[in-house]
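What's in my_file-v9.cif: mmCIF, C-alpha atoms and all ligand atoms
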data_run
loop_
_atom_site.label_atom_id
_atom_site.label_comp_id
_atom_site.auth_asym_id
_atom_site.auth_seq_id
_atom_site.Cartn_x
_atom_site.Cartn_y
_atom_site.Cartn_z
CA MET A 100 -205.57 181.41 -108.85
CA ARG A 101 -204.87 178.99 -106.02
CA PRO A 102 -206.81 175.67 -105.94
CA ALA A 103 -209.87 175.71 -103.68
CA SER A 104 -208.36 172.86 -101.61
CA THR A 105 -205.65 175.14 -100.17
CA SER A 106 -206.38 175.57 -96.47
CA LEU A 107 -206.56 178.97 -94.81
CA ALA A 108 -203.63 177.98 -92.62
CA SER A 109 -201.43 177.25 -95.59
CA GLU A 110 -202.67 180.41 -97.33
CA SER A 111 -201.45 182.54 -94.45
CA GLN A 112 -198.12 180.68 -94.31
CA ASP A 113 -197.78 181.02 -98.04
CA ALA A 114 -198.13 184.77 -97.79
CA ALA A 115 -194.96 184.79 -95.67
CA GLN A 116 -193.07 182.55 -98.09
CA PRO A 117 -190.98 183.64 -101.04
CA ALA A 118 -192.98 183.33 -104.26
CA HIS A 119 -190.97 180.36 -105.53
CA SER A 120 -191.87 178.17 -102.55
CA ARG A 121 -195.62 178.78 -102.74
CA ARG A 122 -196.94 175.32 -103.37
CA ALA A 123 -200.68 174.83 -103.12
CA VAL A 124 -200.35 171.89 -100.73
CA ARG A 125 -197.30 171.39 -98.58
CA SER A 126 -196.16 168.42 -96.53
CA PHE A 127 -195.38 170.50 -93.45
CA VAL A 128 -196.71 173.21 -91.20
CA VAL A 129 -194.05 175.64 -90.07
CA ARG A 130 -194.07 175.23 -86.29
CA ALA A 131 -193.46 178.30 -84.19
CA GLY A 132 -191.03 176.31 -81.94
CA ARG A 133 -188.82 178.57 -79.85
CA MET A 134 -185.16 178.69 -80.73
CA THR A 135 -182.81 178.21 -77.77
CA ALA A 136 -179.90 180.61 -77.26
CA ALA A 137 -177.52 177.82 -78.33
CA GLN A 138 -179.52 177.20 -81.53
CA GLN A 139 -179.46 180.93 -82.27
CA ARG A 140 -175.68 180.88 -81.87
CA ALA A 141 -175.52 177.87 -84.22
CA TRP A 142 -177.45 179.80 -86.84
CA ARG A 143 -175.10 182.77 -86.45
CA ASP A 144 -171.77 180.96 -86.19
CA LEU A 145 -172.20 177.54 -87.81
CA TRP A 146 -174.65 178.17 -90.64
CA PRO A 147 -172.00 180.00 -92.74
CA ARG A 148 -169.93 176.78 -92.69
CA LEU A 149 -172.58 174.05 -92.66
CA GLY A 150 -175.57 175.71 -94.30
CA VAL A 151 -176.40 175.75 -97.98
CA GLU A 152 -178.73 178.42 -99.30
CA GLY A 153 -181.86 176.77 -100.62
CA THR A 154 -184.21 177.74 -103.38
CA ASP A 155 -183.46 181.40 -104.03
CA ASP A 156 -180.80 180.22 -106.41
CA GLU A 157 -182.01 177.95 -109.18
CA SER A 158 -178.74 176.45 -110.37
CA PRO A 159 -178.14 172.78 -109.53
CA LEU A 160 -175.80 172.34 -106.59
CA ASP A 161 -172.34 170.92 -107.13
CA PHE A 162 -172.09 168.85 -103.96
CA GLY A 163 -168.40 167.88 -104.17
CA PRO A 164 -167.09 171.43 -103.59
CA LEU A 165 -169.46 171.89 -100.63
CA PHE A 166 -167.52 169.14 -98.87
CA GLY A 167 -164.15 169.73 -100.51
CA ARG A 168 -164.22 166.20 -101.92
CA ASP A 169 -166.24 163.86 -104.11
CA ALA A 170 -167.86 161.00 -102.18
CA PRO A 171 -171.11 159.01 -102.27
CA LEU A 172 -173.99 161.35 -101.44
CA VAL A 173 -176.62 160.47 -98.84
CA LEU A 174 -179.61 162.83 -98.57
CA GLU A 175 -182.00 162.82 -95.61
CA VAL A 176 -185.33 164.59 -96.08
CA GLY A 177 -187.09 165.85 -92.92
CA PHE A 178 -184.38 164.98 -90.40
CA GLY A 179 -186.21 166.59 -87.44
CA ASN A 180 -183.55 167.24 -84.79
CA GLY A 181 -180.83 165.60 -86.90
CA GLU A 182 -179.69 162.98 -84.38
CA SER A 183 -179.96 160.15 -86.93
CA LEU A 184 -178.06 162.19 -89.50
CA VAL A 185 -175.19 162.83 -87.08
CA THR A 186 -175.07 159.17 -86.02
CA LEU A 187 -174.94 158.00 -89.65
CA ALA A 188 -172.36 160.63 -90.63
CA LEU A 189 -170.09 159.56 -87.76
CA ALA A 190 -170.49 155.89 -88.73
CA HIS A 191 -169.69 156.62 -92.40
CA PRO A 192 -166.95 159.24 -92.65
CA GLU A 193 -166.35 158.11 -96.26
CA ARG A 194 -169.74 159.49 -97.38
CA ASN A 195 -171.10 163.02 -97.81
CA PHE A 196 -174.41 163.67 -95.99
CA VAL A 197 -176.92 166.41 -96.84
CA GLY A 198 -180.00 167.05 -94.68
CA ILE A 199 -183.05 169.06 -95.68
CA GLU A 200 -185.42 170.25 -92.97
CA VAL A 201 -187.83 173.18 -92.71
CA HIS A 202 -187.88 173.38 -88.90
CA ARG A 203 -185.28 176.01 -87.96
CA PRO A 204 -184.72 174.90 -84.32
CA GLY A 205 -184.12 171.36 -85.65
CA VAL A 206 -181.52 172.70 -88.07
CA GLY A 207 -179.92 174.59 -85.17
CA HIS A 208 -179.86 171.38 -83.11
CA LEU A 209 -178.21 169.47 -85.95
CA MET A 210 -175.50 172.12 -86.36
CA LEU A 211 -174.76 172.08 -82.63
CA ARG A 212 -174.42 168.29 -82.68
CA CYS A 213 -172.11 168.49 -85.71
CA GLU A 214 -169.93 170.95 -83.81
CA ALA A 215 -169.93 168.88 -80.59
CA GLU A 216 -169.07 165.65 -82.42
CA ARG A 217 -166.66 167.36 -84.84
CA VAL A 218 -168.61 166.00 -87.78
CA GLY A 219 -167.12 167.22 -91.06
CA ASN A 220 -169.26 165.37 -93.59
CA VAL A 221 -172.68 167.00 -93.08
CA ARG A 222 -174.21 169.98 -94.86
CA VAL A 223 -177.73 171.29 -94.35
CA LEU A 224 -180.50 173.08 -96.23
CA CYS A 225 -183.40 174.73 -94.40
CA ASP A 226 -186.10 174.71 -97.03
CA ASP A 227 -188.92 172.74 -98.59
CA ALA A 228 -187.31 169.51 -99.82
CA VAL A 229 -189.73 169.30 -102.74
CA VAL A 230 -188.58 172.66 -104.08
CA VAL A 231 -184.92 171.90 -103.32
CA LEU A 232 -185.11 168.62 -105.21
CA GLN A 233 -186.93 170.26 -108.12
CA ARG A 234 -184.55 173.19 -108.43
CA ARG A 235 -181.21 172.47 -106.88
CA VAL A 236 -180.45 168.79 -107.40
CA ALA A 237 -179.38 167.52 -110.79
CA ASP A 238 -180.52 164.18 -112.20
CA ALA A 239 -178.58 161.05 -111.20
CA THR A 240 -176.85 162.74 -108.24
CA ILE A 241 -177.94 160.88 -105.11
CA ASP A 242 -176.57 157.54 -103.88
CA GLU A 243 -178.97 157.07 -100.98
CA LEU A 244 -182.18 158.81 -99.93
CA LEU A 245 -183.51 158.59 -96.39
CA LEU A 246 -187.02 159.52 -95.29
CA TYR A 247 -187.38 158.52 -91.69
CA PHE A 248 -190.84 158.91 -90.18
CA PRO A 249 -192.25 161.47 -92.61
CA ASP A 250 -195.45 163.05 -91.27
CA PRO A 251 -198.17 160.44 -91.91
CA TRP A 252 -201.00 162.99 -92.14
CA PRO A 253 -203.46 160.32 -90.93
CA LYS A 254 -206.72 162.17 -91.61
CA LYS A 255 -208.11 161.40 -95.03
CA ARG A 256 -208.62 165.06 -95.90
CA HIS A 257 -204.87 165.59 -95.23
CA HIS A 258 -203.58 162.70 -97.34
CA LYS A 259 -202.79 165.17 -100.10
CA ARG A 260 -200.12 166.64 -97.80
CA ARG A 261 -198.18 163.39 -97.64
CA LEU A 262 -194.67 163.74 -98.98
CA LEU A 263 -194.51 160.30 -100.53
CA GLN A 264 -196.87 160.38 -103.46
CA PRO A 265 -196.30 159.15 -107.03
CA ALA A 266 -195.15 162.52 -108.44
CA PHE A 267 -192.61 163.13 -105.64
CA VAL A 268 -191.33 159.56 -105.91
CA ALA A 269 -190.86 160.07 -109.67
CA LEU A 270 -188.83 163.20 -108.88
CA LEU A 271 -186.71 161.33 -106.32
CA VAL A 272 -186.06 158.56 -108.81
CA GLU A 273 -184.84 161.07 -111.41
CA ARG A 274 -182.39 162.52 -108.90
CA MET A 275 -181.08 159.10 -107.81
CA LYS A 276 -178.16 157.37 -109.49
CA ARG A 277 -178.66 153.90 -110.92
CA GLY A 278 -178.27 151.43 -108.08
CA ALA A 279 -179.10 154.10 -105.46
CA TYR A 280 -181.28 153.23 -102.47
CA LEU A 281 -184.48 154.83 -101.21
CA HIS A 282 -185.16 154.02 -97.57
CA VAL A 283 -188.45 154.99 -95.91
CA ALA A 284 -189.42 154.13 -92.33
CA THR A 285 -192.77 154.87 -90.73
CA ASP A 286 -194.73 153.96 -87.62
CA TRP A 287 -198.11 154.41 -89.33
CA GLN A 288 -199.27 151.14 -90.88
CA GLU A 289 -201.69 152.58 -93.41
CA TYR A 290 -198.99 154.99 -94.66
CA ALA A 291 -196.52 152.10 -94.83
CA GLU A 292 -198.96 150.19 -97.04
CA TYR A 293 -199.48 153.25 -99.22
CA VAL A 294 -195.72 153.92 -99.55
CA LEU A 295 -195.08 150.29 -100.44
CA ALA A 296 -197.75 150.44 -103.15
CA VAL A 297 -196.46 153.74 -104.58
CA LEU A 298 -192.85 152.52 -104.71
CA LYS A 299 -193.87 149.16 -106.21
CA ASN A 300 -195.72 151.06 -108.91
CA ASN A 301 -192.66 152.96 -110.04
CA PRO A 302 -191.09 150.92 -112.86
CA LEU A 303 -187.60 152.27 -112.13
CA LEU A 304 -187.59 150.96 -108.56
CA GLU A 305 -187.15 147.43 -107.32
CA ASN A 306 -187.88 146.20 -103.83
CA THR A 307 -184.90 144.85 -101.89
CA ALA A 308 -187.28 142.67 -99.86
CA MET A 309 -190.49 140.75 -100.53
CA ASP A 310 -192.56 143.57 -99.03
CA TYR A 311 -191.27 145.29 -95.89
CA ALA A 312 -187.54 145.10 -95.21
CA PRO A 313 -186.20 143.88 -91.87
CA ARG A 314 -185.09 146.87 -89.83
CA PRO A 315 -181.46 147.43 -90.87
CA ALA A 316 -178.99 147.50 -87.98
CA TYR A 317 -177.46 150.73 -89.28
CA ARG A 318 -180.67 152.76 -88.97
CA PRO A 319 -180.60 154.82 -85.76
CA GLN A 320 -183.76 155.01 -83.68
CA THR A 321 -185.15 158.48 -84.32
CA LYS A 322 -187.02 160.83 -82.01
CA PHE A 323 -190.33 160.23 -83.78
CA GLU A 324 -189.75 156.52 -83.83
CA THR A 325 -189.24 156.55 -80.05
CA ARG A 326 -192.44 158.54 -79.68
CA GLY A 327 -194.34 156.04 -81.86
CA LEU A 328 -192.96 153.04 -79.98
CA LYS A 329 -194.08 154.57 -76.66
CA LEU A 330 -197.57 154.83 -78.14
CA GLY A 331 -197.44 151.12 -79.03
CA HIS A 332 -197.03 151.65 -82.77
CA GLY A 333 -195.25 149.18 -85.02
CA VAL A 334 -192.42 150.26 -87.33
CA TRP A 335 -192.13 149.46 -91.04
CA ASP A 336 -188.99 149.85 -93.17
CA VAL A 337 -189.28 149.99 -96.94
CA ILE A 338 -186.07 149.87 -98.98
CA PHE A 339 -186.07 150.09 -102.76
CA LYS A 340 -183.22 150.22 -105.25
CA ARG A 341 -183.11 152.37 -108.40
CA ARG A 342 -182.76 150.14 -111.48
C1 LIG A 401 -192.54 163.44 -88.17
S1 LIG A 401 -191.10 164.41 -88.32
C2 LIG A 401 -189.79 163.17 -88.32
C3 LIG A 401 -188.46 163.78 -87.97
C4 LIG A 401 -187.30 162.76 -87.91
N1 LIG A 401 -187.04 162.17 -89.19
C5 LIG A 401 -187.56 161.72 -86.87
O1 LIG A 401 -187.85 160.56 -87.26
O2 LIG A 401 -187.48 162.04 -85.68
C6 LIG A 401 -191.13 164.90 -90.02
C7 LIG A 401 -190.17 166.04 -90.31
O3 LIG A 401 -190.18 166.31 -91.70
C8 LIG A 401 -190.09 167.71 -91.89
N2 LIG A 401 -190.64 168.00 -93.22
C9 LIG A 401 -191.90 167.72 -93.65
N3 LIG A 401 -192.04 168.09 -94.92
C10 LIG A 401 -190.84 168.61 -95.32
C11 LIG A 401 -190.39 169.17 -96.53
N4 LIG A 401 -191.18 169.27 -97.60
N5 LIG A 401 -189.12 169.62 -96.58
C12 LIG A 401 -188.30 169.53 -95.50
N6 LIG A 401 -188.69 169.01 -94.31
C13 LIG A 401 -189.95 168.55 -94.24
C14 LIG A 401 -190.87 168.28 -90.74
O4 LIG A 401 -190.50 169.62 -90.44
C15 LIG A 401 -190.52 167.33 -89.61
O5 LIG A 401 -189.41 167.77 -88.87
#

Render the structure in this file as structure tokens.
Amino acid sequence: MRPASTSLASESQDAAQPAHSRRAVRSFVVRAGRMTAAQQRAWRDLWPRLGVEGTDDESPLDFGPLFGRDAPLVLEVGFGNGESLVTLALAHPERNFVGIEVHRPGVGHLMLRCEAERVGNVRVLCDDAVVVLQRRVADATIDELLLYFPDPWPKKRHHKRRLLQPAFVALLVERMKRGAYLHVATDWQEYAEYVLAVLKNNPLLENTAMDYAPRPAYRPQTKFETRGLKLGHGVWDVIFKRR
């Protein structure tokens, strides 16, 4: 039986989900967002090359063969429209980048940008990152994890939907190599404080700064960051290293 806290909205979404991805509380709401003709073409023509099937298969992914080479692995969770992922991949051709995003038009946008910029070092999964990380990523695999402007779920009754919670952080830490980085940025101060506290509490993580890190020059300004800045929000970067 499902916990009583599961909302009706997520019940009805869950009914449309494959059984394996039915989590009681999820960090996202699948938006209906219309797919442009170009994004539809990307799904048809580019997904076979750039896309990685998500959670139907339960074997851990071997990332090297997906790229045709072994290289440090950077994973971005919830990349939105993927602009930051493309910018980082272009700036670091020596690294392999994997993005996970549930929003299909966003995945289409990312694939179109990869095609336009001739980016060869990006692969994408369109699935719930929690399930992907549980099922398809082996321990000690990731060199760098990026979570840029995860949904802050500001209402107290929605806090349980927040992606960054102790159990998910423990999972991330298992999947990170020793010395790997976990970089979170948010424009919601109370979430920043919460994230800082959760990461500080994990004994396998150490802060690279006293509290918040200065904004690193390499981090692109994302769509949600721009939106937050227009609303007068501050921005907080939190960067921890796996011991
Ligand atoms: C607030 S948006 C930020 C997007 C982008 N990083 C930016 O800064 O513009 C959060 C994104 O995370 C995605 N997301 C939330 N939970 C997710 C999950 N469990 N797995 C994959 N994507 C998720 C949402 O679909 C959404 O696109």

Got a sec to check which residues lie within 10 Å of ligand LIG 401 (chain A), using only C-alpha atoms and all ligand atoms, and send them as an NGL selection string?
:A and (125-130 or 175-184 or 198-206 or 224-232 or 245-252 or 260-263 or 283-286 or 319-327)

Which centre and which edge lengths, in Å to one decimal, describe the axis-aligned box that holds all listed atoms of stretch 292-296 of chain A after 5 Å is added on each side, as AutoDock Vina command-line options?
--center_x -197.3 --center_y 152.1 --center_z -100.1 --size_x 14.4 --size_y 13.7 --size_z 16.1

Mind pulling up the distance from atom CA of A:Ala291 to atom CA of A:Trp335?
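Between these atoms lies a distance of 6.4 Å.
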
Considering all atoms listed in the file, state which residue in the set A:Arg318, A:Arg148, A:Lys276, A:His282 is at the smallest distance from A:Ala188.
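Ranked by minimum distance to A:Ala188, first place goes to A:Arg318.
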
Which one is closest to A:Glu152: A:Lys329, A:Arg140, A:Arg133, A:Arg235? Count only C-alpha atoms.
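Selected residue with least distance to A:Glu152: A:Arg235.
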
Calculate how many Å separate atom CA of A:Leu149 from atom CA of A:Pro192, rounding to one decimal.
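Taking atom CA of A:Leu149 and atom CA of A:Pro192, their separation equals 15.8 Å.
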
Please list as a ChimeraX atom specification every residue within 9 Å of A:Ala237, counting only C-alpha atoms and excluding residues in the same chain fewer than 3 positions away.
/A:158-161,232-234,240-241,273-274

Figure out the distance between atom CA of A:Gly153 and atom CA of A:Val223, please, to one decimal in Å.
9.3 Å

Shell of 10 Å around A:Leu303, all atoms listed in the file, local chain residues under 3 positions omitted, as a PyMOL selection string
chain A and resi 269+272-273+277+298-300+339-342

Would you mind completing stretch 150-161 of chain A to N, CA, C and O atoms and writing the output as a PDB file, keeping the file's coordinate frame?
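Saved as selection.pdb:
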ATOM      1  N   GLY A 150    -174.308 175.470 -93.608  1.00  0.00           N
ATOM      2  CA  GLY A 150    -175.570 175.710 -94.300  1.00  0.00           C
ATOM      3  C   GLY A 150    -175.377 175.948 -95.787  1.00  0.00           C
ATOM      4  O   GLY A 150    -174.353 176.472 -96.222  1.00  0.00           O
ATOM      5  N   VAL A 151    -176.393 175.539 -96.530  1.00  0.00           N
ATOM      6  CA  VAL A 151    -176.400 175.750 -97.980  1.00  0.00           C
ATOM      7  C   VAL A 151    -177.667 176.519 -98.287  1.00  0.00           C
ATOM      8  O   VAL A 151    -178.755 176.100 -97.876  1.00  0.00           O
ATOM      9  N   GLU A 152    -177.534 177.642 -98.981  1.00  0.00           N
ATOM     10  CA  GLU A 152    -178.730 178.420 -99.300  1.00  0.00           C
ATOM     11  C   GLU A 152    -179.624 177.602-100.213  1.00  0.00           C
ATOM     12  O   GLU A 152    -179.138 176.892-101.110  1.00  0.00           O
ATOM     13  N   GLY A 153    -180.930 177.698 -99.976  1.00  0.00           N
ATOM     14  CA  GLY A 153    -181.860 176.770-100.620  1.00  0.00           C
ATOM     15  C   GLY A 153    -182.320 177.161-101.990  1.00  0.00           C
ATOM     16  O   GLY A 153    -181.578 177.014-102.962  1.00  0.00           O
ATOM     17  N   THR A 154    -183.539 177.685-102.083  1.00  0.00           N
ATOM     18  CA  THR A 154    -184.210 177.740-103.380  1.00  0.00           C
ATOM     19  C   THR A 154    -184.193 179.125-104.018  1.00  0.00           C
ATOM     20  O   THR A 154    -184.800 179.306-105.060  1.00  0.00           O
ATOM     21  N   ASP A 155    -183.510 180.088-103.385  1.00  0.00           N
ATOM     22  CA  ASP A 155    -183.460 181.400-104.030  1.00  0.00           C
ATOM     23  C   ASP A 155    -182.646 181.324-105.314  1.00  0.00           C
ATOM     24  O   ASP A 155    -182.896 182.021-106.277  1.00  0.00           O
ATOM     25  N   ASP A 156    -181.644 180.450-105.254  1.00  0.00           N
ATOM     26  CA  ASP A 156    -180.800 180.220-106.410  1.00  0.00           C
ATOM     27  C   ASP A 156    -181.370 179.011-107.157  1.00  0.00           C
ATOM     28  O   ASP A 156    -181.774 178.046-106.534  1.00  0.00           O
ATOM     29  N   GLU A 157    -181.392 179.068-108.454  1.00  0.00           N
ATOM     30  CA  GLU A 157    -182.010 177.950-109.180  1.00  0.00           C
ATOM     31  C   GLU A 157    -181.008 177.048-109.865  1.00  0.00           C
ATOM     32  O   GLU A 157    -181.389 176.115-110.578  1.00  0.00           O
ATOM     33  N   SER A 158    -179.704 177.312-109.689  1.00  0.00           N
ATOM     34  CA  SER A 158    -178.740 176.450-110.370  1.00  0.00           C
ATOM     35  C   SER A 158    -178.543 175.162-109.577  1.00  0.00           C
ATOM     36  O   SER A 158    -178.572 175.172-108.341  1.00  0.00           O
ATOM     37  N   PRO A 159    -178.352 174.025-110.256  1.00  0.00           N
ATOM     38  CA  PRO A 159    -178.140 172.780-109.530  1.00  0.00           C
ATOM     39  C   PRO A 159    -176.871 172.871-108.678  1.00  0.00           C
ATOM     40  O   PRO A 159    -175.879 173.471-109.085  1.00  0.00           O
ATOM     41  N   LEU A 160    -176.941 172.310-107.500  1.00  0.00           N
ATOM     42  CA  LEU A 160    -175.800 172.340-106.590  1.00  0.00           C
ATOM     43  C   LEU A 160    -174.725 171.378-107.070  1.00  0.00           C
ATOM     44  O   LEU A 160    -175.030 170.275-107.530  1.00  0.00           O
ATOM     45  N   ASP A 161    -173.472 171.811-106.890  1.00  0.00           N
ATOM     46  CA  ASP A 161    -172.340 170.920-107.130  1.00  0.00           C
ATOM     47  C   ASP A 161    -171.897 170.467-105.737  1.00  0.00           C
ATOM     48  O   ASP A 161    -171.296 171.240-104.987  1.00  0.00           O
TER      49      ASP A 161
END
